[in-house]
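Accompanying notes for the structure given below.
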Protein chains: 2
Amino acid sequence: MIENRRSIRKYKDAVVDDALLNRLLTEAERTQTMGNLQLYSVVVTRDKDMKARLAPLHFNQPMVTQAPVVLTFCADFNRTAEWCRNRKAMPGYDNFLSFFNAASDALLYCQNFCTLAEAEGLGLCYLGTTIYMPQQIIDVLKLPKLVFPVATITLGWPDETPPQTDRLPLSAIRHNETYQPVTSESIDRDYTAKENLPENQEFLRINDKETLAQIFTDIRYTKKDNEAMSEGLFAALRHQGFIE
Amino acid sequence: MIENRRSIRKYKDAVVDDALLNRLLTEAERTQTMGNLQLYSVVVTRDKDMKARLAPLHFNQPMVTQAPVVLTFCADFNRTAEWCRNRKAMPGYDNFLSFFNAASDALLYCQNFCTLAEAEGLGLCYLGTTIYMPQQIIDVLKLPKLVFPVATITLGWPDETPPQTDRLPLSAIRHNETYQPVTSESIDRDYTAKENLPENQEFLRINDKETLAQIFTDIRYTKKDNEAMSEGLFAALRHQGFIE
């Protein structure tokens with residue numbers, strides 16, 4: 001099932017039942033979690049105005065307003081810290097390690113939710129844009145300190161069956177015992193098939209670039225953007241109390 | 001299937017076939033990934049001496065030496081950056097945003113690998129300790145710059161069927177439209193059942209604590225440890241080139 005998956009960006013005009021959503025969110029709670037603390041929460045967006053406010057924070061990808069449901073998965077130490085304070089315990093989770101522990105919990109939970117939703121026939125698209133303008137998402141969703149958005153999913157009943165995209169051979173991913181150096185030979189071995197795909201060749205032509213890699217470095221994920229957004233990410237982590 | 005999962009810490013003395021491992025690692029590559037860049041790699045540890053070197057870096061949890069296979073999932077921008085450099089493109093991924101993008105990719109991939117492995121009947125335990133002493137793991141596994149370990153799995157054929165652990169009710173996790181404040185009422189509603197479990201009551205007695213929360217704040221995840229390990233995590237991120 002995971003091996004048949006594809007991201008779905010077009011959804012039928014059909015309701016995602018709230019009881020179904022609750023069942024899937026509950027089943028996903030079986031995911032392993034640090035100390036069984038479940039350091040995550042999920043904000044469910046169904047309201048049209050709320051989707052309109054979130055859309056620009058995800059570069060106006062049309063799925064945000066078109067999907068019946070948008071889910072924002074958050075690293076959450078707030079609930080646990082409040083639990084501690086209500087139980088004569090002094091929480092010490094306003095630090096970066098705790099952020100990363102909670103982010104891991106939230107991402108693993110999110111992935112299992114996705115798998116369960118897809119098994120149910122739902123379609124979804126994972127928005128990596130969540131950490132690009134996190135402070136604005138924090139403001140719209142009214143996330144308190146020690147809560148941080150790490151993943152967004154648009155969810156609905158599929159209205160398309162796109163082809164699966166390519167993947168690298170496992171030789172690019174797997175290392176035995178120690179990390180094996182990446183060489184020009186291993187790059188050629190692992191990337192040539194991808195580079196020669198007709199859709200990627202077309203991509204070069206449209207963008208007037210010489211290599212596929214240049215599309216990533218010069219257009220899609222530039223150093224300048226990455227550095228600016230790193231600053232924003234740090235600032236939001238500071239604002240949410242996870243770093244000093 | 002996800003709803004029946006439990007962590008497995010005892011494994012049969014039986015081989016995990018390498019062809020099976022390759023199939024599962026390959027199937028997991030279907031996981032959504034940023035720009036289809038697959039910003040992850042996995043180091044497979046089968047060697048006894050390597051397991052012995054990793055064990056103390058995971059607080060000597062016995063699974064590390066007893067499991068037939070240990071998998072370290074890494075955020076990896078090294079391979080992509082090398083691809084760029086080999087293709088007349090200038091990578092700009094030595095920053096924190098890129099680290100978090102790669103860490104997300106690695107964690108989602110890891111979770112789907114876990115789901116696929118469990119569907120095959122394998123058992124596994126997720127070690128959250130991976131980010132506690134990351135520099136030492138980096139050294140043992142010879143991870144180059146822009147590669148960072150984010151999750152470790154011990155894997156084998158199950159030799160136990162532990163009971164499932166408790167989970168919070170969905171009311172603790174789900175928020176509608178905006179984050180609803182956590183209150184002493186919501187804490188009581190969501191945590192009392194957990195606190196009253198016989199195993200958690202026993203936990204209090206053994207540790208001579210008044211509340212379950214104190215076991216987390218005073219013993220398992222203390223402010224002092226979290227702050228020290230946050231420093232180590234930042235230092236390792238700096239060493240690997242993800243922050244300045």
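Identifiers in this document derive from the order of the structure tokens: chains are assigned A, B, ..., residues are numbered from 1 separately in each chain, and ligands are numbered from 1 in order of occurrence.
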
Exercise: Ala102 (chain B) partners within 12 Å, only C-alpha atoms, chain neighbours under 5 positions left out, as a short mmCIF file (atom, residue, chain, number, x, y, z; two decimals) with N, CA and C atoms, in the first residue's frame:
```cif
data_model
loop_
_atom_site.label_atom_id
_atom_site.label_comp_id
_atom_site.auth_asym_id
_atom_site.auth_seq_id
_atom_site.Cartn_x
_atom_site.Cartn_y
_atom_site.Cartn_z
N GLY A 128 5.51 20.74 2.66
CA GLY A 128 6.77 21.00 3.34
C GLY A 128 6.95 22.47 3.68
N GLN B 32 6.58 10.41 0.80
CA GLN B 32 6.71 11.76 0.24
C GLN B 32 8.04 12.37 0.70
N THR B 33 8.62 13.19 -0.14
CA THR B 33 9.93 13.76 0.16
C THR B 33 10.07 15.13 -0.50
N MET B 34 10.82 16.01 0.12
CA MET B 34 10.92 17.39 -0.35
C MET B 34 11.48 17.45 -1.78
N GLY B 35 10.69 17.97 -2.69
CA GLY B 35 11.14 18.14 -4.07
C GLY B 35 11.61 16.84 -4.70
N ASN B 36 11.17 15.72 -4.16
CA ASN B 36 11.63 14.39 -4.57
C ASN B 36 13.15 14.27 -4.50
N LEU B 37 13.75 14.91 -3.53
CA LEU B 37 15.21 14.85 -3.37
C LEU B 37 15.65 13.70 -2.46
N GLN B 38 14.70 13.13 -1.68
CA GLN B 38 15.05 12.02 -0.77
C GLN B 38 16.25 12.38 0.10
N LEU B 39 16.01 13.29 1.02
CA LEU B 39 17.09 13.87 1.81
C LEU B 39 17.43 13.01 3.03
N TYR B 40 17.66 11.73 2.76
CA TYR B 40 17.95 10.81 3.87
C TYR B 40 18.88 9.71 3.40
N SER B 41 19.50 9.07 4.38
CA SER B 41 20.22 7.83 4.12
C SER B 41 20.07 6.96 5.36
N PHE B 73 18.90 6.10 10.85
CA PHE B 73 18.34 6.94 9.79
C PHE B 73 18.92 8.34 9.92
N CYS B 74 19.41 8.86 8.81
CA CYS B 74 20.11 10.15 8.84
C CYS B 74 19.46 11.16 7.91
N ALA B 75 19.34 12.39 8.41
CA ALA B 75 19.09 13.53 7.53
C ALA B 75 20.33 13.67 6.65
N ASP B 76 20.16 13.73 5.35
CA ASP B 76 21.32 13.70 4.46
C ASP B 76 21.17 14.73 3.35
N PHE B 77 21.94 15.81 3.44
CA PHE B 77 22.03 16.75 2.32
C PHE B 77 23.38 16.61 1.63
N ASN B 78 24.23 15.71 2.15
CA ASN B 78 25.55 15.53 1.53
C ASN B 78 25.43 14.96 0.12
N ARG B 79 24.63 13.91 -0.01
CA ARG B 79 24.52 13.28 -1.33
C ARG B 79 23.97 14.27 -2.35
N THR B 80 22.93 15.00 -1.95
CA THR B 80 22.32 15.96 -2.86
C THR B 80 23.31 17.08 -3.21
N TYR B 93 22.83 24.41 1.00
CA TYR B 93 22.08 23.63 1.98
C TYR B 93 22.79 23.48 3.32
N ASP B 94 23.76 24.35 3.55
CA ASP B 94 24.50 24.35 4.82
C ASP B 94 23.82 25.32 5.79
N ASN B 95 22.55 25.04 6.08
CA ASN B 95 21.79 25.93 6.97
C ASN B 95 20.72 25.12 7.70
N PHE B 96 20.11 25.78 8.69
CA PHE B 96 19.22 25.08 9.60
C PHE B 96 17.92 24.65 8.93
N LEU B 97 17.39 25.48 8.03
CA LEU B 97 16.18 25.08 7.32
C LEU B 97 16.41 23.77 6.57
N LEU B 107 12.74 11.17 8.98
CA LEU B 107 11.81 10.63 9.97
C LEU B 107 10.58 10.02 9.31
N LEU B 108 10.07 10.66 8.27
CA LEU B 108 8.91 10.10 7.56
C LEU B 108 9.29 8.78 6.89
N TYR B 109 10.47 8.76 6.29
CA TYR B 109 10.97 7.52 5.67
C TYR B 109 11.12 6.42 6.72
N LEU B 146 26.91 17.59 6.57
CA LEU B 146 25.54 17.60 6.01
C LEU B 146 24.84 16.25 6.11
N VAL B 147 25.35 15.38 6.98
CA VAL B 147 24.64 14.14 7.32
C VAL B 147 24.50 14.11 8.84
N PHE B 148 23.30 13.83 9.32
CA PHE B 148 23.04 13.90 10.76
C PHE B 148 22.08 12.78 11.18
N PRO B 149 22.45 12.00 12.22
CA PRO B 149 21.58 10.89 12.64
C PRO B 149 20.36 11.42 13.39
N VAL B 150 19.18 10.98 13.01
CA VAL B 150 17.97 11.47 13.67
C VAL B 150 17.11 10.38 14.29
N PHE B 242 25.43 22.34 9.50
CA PHE B 242 24.04 22.78 9.32
C PHE B 242 23.72 24.11 10.00
#
```

8 Å contact set for region 59-63 of chain B, only C-alpha atoms, chain neighbours under 3 positions out, as a list in words: Arg9, Lys10, Ala55, Pro56, Gln66, Ala67, Cys125, Thr129 and Thr154 of chain B

The selected residues should be written to file as a PDB file, in the first residue's frame (atoms: C-alpha atoms).
```
ATOM      1  CA  ARG B   9      12.797  -5.267  22.628  1.00  0.00           C
ATOM      2  CA  LYS B  10      13.506  -9.019  22.532  1.00  0.00           C
ATOM      3  CA  ALA B  55      25.456   0.631  22.453  1.00  0.00           C
ATOM      4  CA  PRO B  56      26.850   3.134  24.985  1.00  0.00           C
ATOM      5  CA  GLN B  66      20.987  -8.115  20.901  1.00  0.00           C
ATOM      6  CA  ALA B  67      19.067  -7.140  17.765  1.00  0.00           C
ATOM      7  CA  CYS B 125      12.160  -0.546  18.875  1.00  0.00           C
ATOM      8  CA  THR B 129      18.489   8.423  22.208  1.00  0.00           C
ATOM      9  CA  THR B 154      16.656  -2.047  16.439  1.00  0.00           C
TER      10      THR B 154
END
```

> Which residues come within 9 Å of Leu155 (chain B), counting only C-alpha atoms, excluding same-chain residues fewer than 3 positions away, as number ranges by chain?
Replying inline: B: 8-9, 11, 16, 63, 67-71, 117, 122-125, 158

Since we have the selection now, will you write its residues out, keeping all heavy atoms, as a compact mmCIF listing (two decimals), in the first residue's frame?
```
# COMPACT_ATOMS: atom_id res chain seq x y z
N ILE B 8 9.08 -3.78 20.23
CA ILE B 8 9.64 -5.11 20.53
C ILE B 8 11.10 -4.93 20.92
O ILE B 8 11.89 -4.35 20.16
CB ILE B 8 9.53 -6.04 19.30
CG1 ILE B 8 8.05 -6.23 18.90
CG2 ILE B 8 10.21 -7.39 19.57
CD1 ILE B 8 7.19 -6.95 19.90
N ARG B 9 11.44 -5.43 22.10
CA ARG B 9 12.80 -5.27 22.63
C ARG B 9 13.55 -6.59 22.74
O ARG B 9 14.72 -6.62 23.08
CB ARG B 9 12.75 -4.56 24.00
CG ARG B 9 12.26 -3.12 23.90
CD ARG B 9 12.16 -2.45 25.26
NE ARG B 9 11.84 -1.03 25.14
CZ ARG B 9 10.62 -0.52 24.92
NH1 ARG B 9 9.57 -1.34 24.81
NH2 ARG B 9 10.43 0.79 24.81
N TYR B 11 14.43 -10.19 20.66
CA TYR B 11 14.42 -10.74 19.30
C TYR B 11 14.89 -12.18 19.31
O TYR B 11 15.76 -12.57 20.10
CB TYR B 11 15.34 -9.90 18.40
CG TYR B 11 15.02 -8.42 18.47
CD1 TYR B 11 15.77 -7.56 19.28
CD2 TYR B 11 13.94 -7.90 17.77
CE1 TYR B 11 15.45 -6.21 19.37
CE2 TYR B 11 13.61 -6.54 17.85
CZ TYR B 11 14.38 -5.71 18.67
OH TYR B 11 14.06 -4.38 18.77
N VAL B 16 17.78 -11.64 9.91
CA VAL B 16 16.91 -10.81 9.06
C VAL B 16 17.59 -10.78 7.69
O VAL B 16 18.64 -10.17 7.51
CB VAL B 16 16.75 -9.39 9.63
CG1 VAL B 16 15.94 -8.52 8.67
CG2 VAL B 16 16.09 -9.44 11.00
N MET B 63 18.90 -3.77 23.54
CA MET B 63 18.47 -4.12 22.16
C MET B 63 19.57 -3.84 21.14
O MET B 63 19.63 -4.49 20.10
CB MET B 63 17.25 -3.28 21.75
CG MET B 63 16.05 -3.44 22.62
SD MET B 63 16.15 -2.35 24.09
CE MET B 63 15.59 -0.79 23.44
N ALA B 67 19.82 -7.09 19.02
CA ALA B 67 19.07 -7.14 17.76
C ALA B 67 19.99 -7.55 16.62
O ALA B 67 21.15 -7.14 16.58
CB ALA B 67 18.45 -5.78 17.46
N PRO B 68 19.49 -8.36 15.68
CA PRO B 68 20.35 -8.72 14.54
C PRO B 68 20.74 -7.52 13.68
O PRO B 68 21.81 -7.50 13.10
CB PRO B 68 19.50 -9.72 13.75
CG PRO B 68 18.12 -9.65 14.30
CD PRO B 68 18.21 -9.07 15.67
N VAL B 69 19.85 -6.53 13.63
CA VAL B 69 20.13 -5.36 12.78
C VAL B 69 19.84 -4.08 13.55
O VAL B 69 18.82 -3.99 14.27
CB VAL B 69 19.24 -5.37 11.51
CG1 VAL B 69 19.58 -4.20 10.60
CG2 VAL B 69 19.37 -6.68 10.76
N VAL B 70 20.71 -3.11 13.40
CA VAL B 70 20.46 -1.76 13.91
C VAL B 70 20.49 -0.82 12.70
O VAL B 70 21.41 -0.90 11.87
CB VAL B 70 21.53 -1.34 14.95
CG1 VAL B 70 21.29 0.09 15.42
CG2 VAL B 70 21.54 -2.31 16.12
N LEU B 71 19.48 0.03 12.61
CA LEU B 71 19.41 0.97 11.49
C LEU B 71 19.47 2.39 12.02
O LEU B 71 18.69 2.75 12.90
CB LEU B 71 18.09 0.78 10.72
CG LEU B 71 17.84 -0.59 10.10
CD1 LEU B 71 16.42 -0.65 9.51
CD2 LEU B 71 18.87 -0.88 9.01
N ALA B 117 8.00 -2.97 7.89
CA ALA B 117 8.70 -4.05 8.59
C ALA B 117 7.74 -4.78 9.53
O ALA B 117 7.74 -6.02 9.61
CB ALA B 117 9.90 -3.50 9.35
N LEU B 122 8.18 -8.44 11.37
CA LEU B 122 9.36 -8.05 12.13
C LEU B 122 8.97 -7.20 13.34
O LEU B 122 7.89 -6.59 13.36
CB LEU B 122 10.32 -7.25 11.23
CG LEU B 122 11.08 -8.10 10.19
CD1 LEU B 122 11.58 -7.23 9.04
CD2 LEU B 122 12.25 -8.83 10.85
N GLY B 123 9.83 -7.16 14.33
CA GLY B 123 9.60 -6.33 15.49
C GLY B 123 10.71 -5.31 15.61
O GLY B 123 11.84 -5.55 15.18
N LEU B 124 10.39 -4.19 16.20
CA LEU B 124 11.40 -3.13 16.27
C LEU B 124 11.17 -2.21 17.46
O LEU B 124 10.08 -2.14 18.02
CB LEU B 124 11.41 -2.32 14.97
CG LEU B 124 10.10 -1.69 14.52
CD1 LEU B 124 9.95 -0.30 15.12
CD2 LEU B 124 10.07 -1.61 13.00
N CYS B 125 12.25 -1.55 17.82
CA CYS B 125 12.16 -0.55 18.88
C CYS B 125 12.83 0.72 18.37
O CYS B 125 13.94 0.68 17.82
CB CYS B 125 12.84 -1.04 20.15
SG CYS B 125 12.58 0.09 21.54
N PRO B 158 10.40 -10.95 16.40
CA PRO B 158 9.97 -10.78 17.80
C PRO B 158 10.09 -12.05 18.63
O PRO B 158 9.76 -13.13 18.16
CB PRO B 158 8.49 -10.40 17.66
CG PRO B 158 8.31 -9.91 16.27
CD PRO B 158 9.31 -10.65 15.44
```

Judged by only C-alpha atoms, the minimum distance to chain B among A:His58, A:Lys48, A:Lys223, A:Lys194 is found for A:Lys223

Same-sequence superposition of chain A onto chain B, all C-alpha, as a compact mmCIF listing (two decimals) with C-alpha atoms, in the first residue's frame:
```
# COMPACT_ATOMS: atom_id res chain seq x y z
CA MET A 1 -2.02 -3.04 11.79
CA ILE A 2 -0.59 0.26 13.06
CA GLU A 3 -3.35 0.09 15.68
CA ASN A 4 -1.98 -3.26 16.92
CA ARG A 5 1.64 -2.19 17.12
CA ARG A 6 3.91 -2.42 20.15
CA SER A 7 7.63 -1.88 20.53
CA ILE A 8 9.64 -5.11 20.52
CA ARG A 9 12.80 -5.27 22.63
CA LYS A 10 13.50 -9.03 22.54
CA TYR A 11 14.43 -10.75 19.31
CA LYS A 12 14.78 -14.36 18.23
CA ASP A 13 18.23 -15.59 17.33
CA ALA A 14 17.27 -15.57 13.65
CA VAL A 15 18.70 -13.75 10.68
CA VAL A 16 16.92 -10.82 9.06
CA ASP A 17 17.56 -11.64 5.43
CA ASP A 18 19.36 -8.90 3.55
CA ALA A 19 17.12 -9.26 0.48
CA LEU A 20 14.08 -8.68 2.71
CA LEU A 21 15.74 -5.66 4.29
CA ASN A 22 16.49 -4.25 0.85
CA ARG A 23 12.92 -4.80 -0.31
CA LEU A 24 11.49 -2.99 2.72
CA LEU A 25 13.98 -0.11 2.50
CA THR A 26 13.14 0.24 -1.19
CA GLU A 27 9.37 0.14 -0.69
CA ALA A 28 9.68 2.79 2.01
CA GLU A 29 11.24 5.09 -0.59
CA ARG A 30 7.67 5.79 -1.76
CA THR A 31 7.38 8.14 1.22
CA GLN A 32 6.72 11.76 0.24
CA THR A 33 9.93 13.76 0.16
CA MET A 34 10.92 17.38 -0.36
CA GLY A 35 11.14 18.13 -4.07
CA ASN A 36 11.62 14.38 -4.58
CA LEU A 37 15.22 14.84 -3.38
CA GLN A 38 15.03 12.02 -0.77
CA LEU A 39 17.08 13.88 1.80
CA TYR A 40 17.94 10.81 3.86
CA SER A 41 20.22 7.83 4.10
CA VAL A 42 20.31 4.78 6.35
CA VAL A 43 23.34 3.09 7.86
CA VAL A 44 22.83 -0.65 8.41
CA THR A 45 24.74 -2.11 11.36
CA ARG A 46 25.11 -5.89 11.51
CA ASP A 47 28.71 -6.13 12.71
CA LYS A 48 29.05 -7.13 16.36
CA ASP A 49 31.87 -4.70 17.08
CA MET A 50 29.98 -1.82 15.53
CA LYS A 51 26.93 -2.63 17.66
CA ALA A 52 29.19 -2.67 20.74
CA ARG A 53 30.46 0.78 19.81
CA LEU A 54 26.95 2.14 19.27
CA ALA A 55 25.46 0.62 22.45
CA PRO A 56 26.86 3.12 24.99
CA LEU A 57 25.70 5.98 22.74
CA HIS A 58 22.18 4.66 23.31
CA PHE A 59 22.62 4.41 27.12
CA ASN A 60 23.47 0.70 26.75
CA GLN A 61 19.91 -0.28 26.00
CA PRO A 62 20.37 -4.05 25.49
CA MET A 63 18.48 -4.11 22.15
CA VAL A 64 21.42 -2.47 20.41
CA THR A 65 23.72 -5.44 20.89
CA GLN A 66 20.99 -8.11 20.89
CA ALA A 67 19.08 -7.15 17.76
CA PRO A 68 20.36 -8.71 14.54
CA VAL A 69 20.13 -5.35 12.77
CA VAL A 70 20.46 -1.76 13.90
CA LEU A 71 19.41 0.97 11.47
CA THR A 72 20.47 4.58 11.86
CA PHE A 73 18.35 6.94 9.77
CA CYS A 74 20.11 10.14 8.82
CA ALA A 75 19.09 13.53 7.53
CA ASP A 76 21.34 13.70 4.45
CA PHE A 77 22.03 16.75 2.32
CA ASN A 78 25.54 15.54 1.53
CA ARG A 79 24.51 13.27 -1.32
CA THR A 80 22.31 15.97 -2.86
CA ALA A 81 25.02 18.61 -2.46
CA GLU A 82 27.56 16.30 -4.12
CA TRP A 83 25.10 15.69 -6.93
CA CYS A 84 24.82 19.46 -7.39
CA ARG A 85 28.59 19.96 -7.40
CA ASN A 86 28.93 17.23 -10.01
CA ARG A 87 26.31 18.93 -12.14
CA LYS A 88 27.53 22.52 -12.36
CA ALA A 89 25.15 23.63 -9.62
CA MET A 90 26.07 25.47 -6.39
CA PRO A 91 24.31 23.89 -3.39
CA GLY A 92 23.11 26.19 -0.60
CA TYR A 93 22.08 23.63 1.99
CA ASP A 94 24.48 24.36 4.83
CA ASN A 95 21.78 25.92 6.96
CA PHE A 96 19.21 25.08 9.61
CA LEU A 97 16.18 25.10 7.32
CA SER A 98 17.86 22.48 5.17
CA PHE A 99 18.64 20.40 8.23
CA PHE A 100 15.02 20.42 9.27
CA ASN A 101 13.84 19.58 5.76
CA ALA A 102 16.22 16.63 5.64
CA ALA A 103 15.34 15.53 9.18
CA SER A 104 11.65 15.54 8.23
CA ASP A 105 12.37 13.45 5.14
CA ALA A 106 14.41 10.98 7.20
CA LEU A 107 11.81 10.63 9.97
CA LEU A 108 8.92 10.11 7.54
CA TYR A 109 10.97 7.52 5.65
CA CYS A 110 11.90 5.82 8.92
CA GLN A 111 8.27 5.63 10.02
CA ASN A 112 7.15 4.08 6.75
CA PHE A 113 10.00 1.59 6.93
CA CYS A 114 8.79 0.66 10.44
CA THR A 115 5.23 0.15 9.23
CA LEU A 116 6.37 -2.03 6.34
CA ALA A 117 8.70 -4.06 8.57
CA GLU A 118 5.97 -4.64 11.15
CA ALA A 119 3.57 -5.70 8.40
CA GLU A 120 6.18 -8.31 7.48
CA GLY A 121 6.12 -9.66 11.03
CA LEU A 122 9.37 -8.04 12.12
CA GLY A 123 9.61 -6.34 15.49
CA LEU A 124 11.41 -3.13 16.26
CA CYS A 125 12.17 -0.56 18.86
CA TYR A 126 12.65 3.13 18.09
CA LEU A 127 15.55 4.65 20.04
CA GLY A 128 14.96 8.28 20.83
CA THR A 129 18.48 8.43 22.22
CA THR A 130 19.92 9.09 18.74
CA ILE A 131 20.04 12.86 19.29
CA TYR A 132 21.40 12.64 22.85
CA MET A 133 25.03 12.03 21.87
CA PRO A 134 24.91 12.68 18.13
CA GLN A 135 28.56 13.60 17.68
CA GLN A 136 29.70 10.20 18.93
CA ILE A 137 27.30 8.43 16.57
CA ILE A 138 28.58 10.64 13.74
CA ASP A 139 32.12 9.56 14.56
CA VAL A 140 31.35 5.84 14.80
CA LEU A 141 29.35 5.76 11.56
CA LYS A 142 31.78 8.15 9.81
CA LEU A 143 29.04 10.54 8.76
CA PRO A 144 30.37 13.40 6.62
CA LYS A 145 29.26 17.02 6.81
CA LEU A 146 25.56 17.61 6.01
CA VAL A 147 24.65 14.15 7.31
CA PHE A 148 23.04 13.90 10.75
CA PRO A 149 21.59 10.90 12.62
CA VAL A 150 17.96 11.48 13.66
CA ALA A 151 16.51 8.05 14.46
CA THR A 152 17.71 4.55 15.30
CA ILE A 153 15.74 1.34 15.00
CA THR A 154 16.66 -2.05 16.44
CA LEU A 155 15.15 -4.74 14.25
CA GLY A 156 14.60 -8.49 14.42
CA TRP A 157 12.06 -11.28 14.63
CA PRO A 158 9.97 -10.78 17.79
CA ASP A 159 10.60 -12.98 20.81
CA GLU A 160 7.98 -11.35 23.02
CA THR A 161 4.44 -9.97 22.82
CA PRO A 162 4.31 -7.19 25.36
CA PRO A 163 0.97 -5.59 26.21
CA GLN A 164 0.18 -2.36 24.42
CA THR A 165 0.90 0.76 26.43
CA ASP A 166 -1.77 3.35 27.19
CA ARG A 167 -2.49 6.41 25.09
CA LEU A 168 -4.18 9.73 25.80
CA PRO A 169 -7.74 10.27 24.57
CA LEU A 170 -7.97 12.15 21.28
CA SER A 171 -9.36 15.16 23.15
CA ALA A 172 -5.78 15.80 24.33
CA ILE A 173 -4.43 15.81 20.78
CA ARG A 174 -7.07 17.34 18.51
CA HIS A 175 -7.82 21.04 18.24
CA ASN A 176 -10.45 22.54 15.94
CA GLU A 177 -9.55 25.63 13.91
CA THR A 178 -7.35 27.11 16.64
CA TYR A 179 -5.38 25.67 19.56
CA GLN A 180 -7.62 25.45 22.59
CA PRO A 181 -5.95 26.42 25.87
CA VAL A 182 -4.85 23.56 28.11
CA THR A 183 -6.58 24.00 31.48
CA SER A 184 -6.55 22.16 34.78
CA GLU A 185 -9.95 20.77 33.74
CA SER A 186 -8.63 19.44 30.41
CA ILE A 187 -5.58 17.99 32.18
CA ASP A 188 -7.79 16.13 34.63
CA ARG A 189 -10.02 14.92 31.79
CA ASP A 190 -7.13 13.70 29.63
CA TYR A 191 -4.55 12.43 32.16
CA THR A 192 -6.45 10.92 35.09
CA ALA A 193 -6.96 7.51 33.48
CA LYS A 194 -3.24 7.29 32.66
CA GLU A 195 -2.25 8.34 36.18
CA ASN A 196 -4.53 5.74 37.74
CA LEU A 197 -3.16 2.78 35.78
CA PRO A 198 -1.74 0.15 38.17
CA GLU A 199 1.63 0.14 36.35
CA ASN A 200 1.95 3.90 36.75
CA GLN A 201 0.94 3.74 40.40
CA GLU A 202 3.63 1.10 40.89
CA PHE A 203 6.08 3.37 39.09
CA LEU A 204 5.41 6.09 41.70
CA ARG A 205 5.98 3.67 44.55
CA ILE A 206 9.28 2.34 43.17
CA ASN A 207 10.57 5.84 42.50
CA ASP A 208 9.19 7.30 45.70
CA LYS A 209 7.43 10.15 43.88
CA GLU A 210 4.10 11.80 44.55
CA THR A 211 2.98 12.28 40.93
CA LEU A 212 3.65 10.57 37.61
CA ALA A 213 4.71 13.90 36.10
CA GLN A 214 7.52 14.15 38.67
CA ILE A 215 9.02 10.92 37.32
CA PHE A 216 9.48 12.70 33.99
CA THR A 217 10.66 16.06 35.32
CA ASP A 218 12.85 14.75 38.17
CA ILE A 219 14.21 11.46 36.82
CA ARG A 220 13.67 10.61 33.16
CA TYR A 221 13.89 13.94 31.32
CA THR A 222 15.33 16.56 33.60
CA LYS A 223 15.87 20.22 32.77
CA LYS A 224 19.58 19.86 33.48
CA ASP A 225 20.02 16.91 31.11
CA ASN A 226 17.87 18.52 28.43
CA GLU A 227 19.90 21.71 28.54
CA ALA A 228 23.23 19.89 28.43
CA MET A 229 22.08 17.71 25.55
CA SER A 230 20.69 20.74 23.70
CA GLU A 231 24.21 22.17 23.77
CA GLY A 232 25.60 18.91 22.40
CA LEU A 233 22.96 18.82 19.70
CA PHE A 234 23.77 22.36 18.60
CA ALA A 235 27.50 21.62 18.67
CA ALA A 236 27.01 18.55 16.47
CA LEU A 237 24.80 20.50 14.04
CA ARG A 238 27.58 23.10 13.82
CA HIS A 239 30.19 20.38 13.29
CA GLN A 240 28.12 18.83 10.50
CA GLY A 241 27.77 22.20 8.80
CA PHE A 242 24.05 22.77 9.32
CA ILE A 243 24.42 25.86 11.50
CA GLU A 244 27.15 28.47 11.75
```

task: Run DSSP on the backbone of this structure and report the residues of region 13-224 of chain A it assigns to helix (DSSP H, G or I), as a VMD selection string.
output: chain A and resid 18 to 30 34 to 36 48 to 58 63 to 66 78 to 85 96 to 119 128 to 131 134 to 141 170 to 172 184 to 196 198 to 207 212 to 220 223 to 224

Practice problem: Looking only at strand (DSSP E or B) from DSSP on the backbone, list the matching residues of region 42-235 of chain B as an MDAnalysis selection string. | Solution: chainID B and resid 42:45 69:76 123:127 147:156 158 174:176
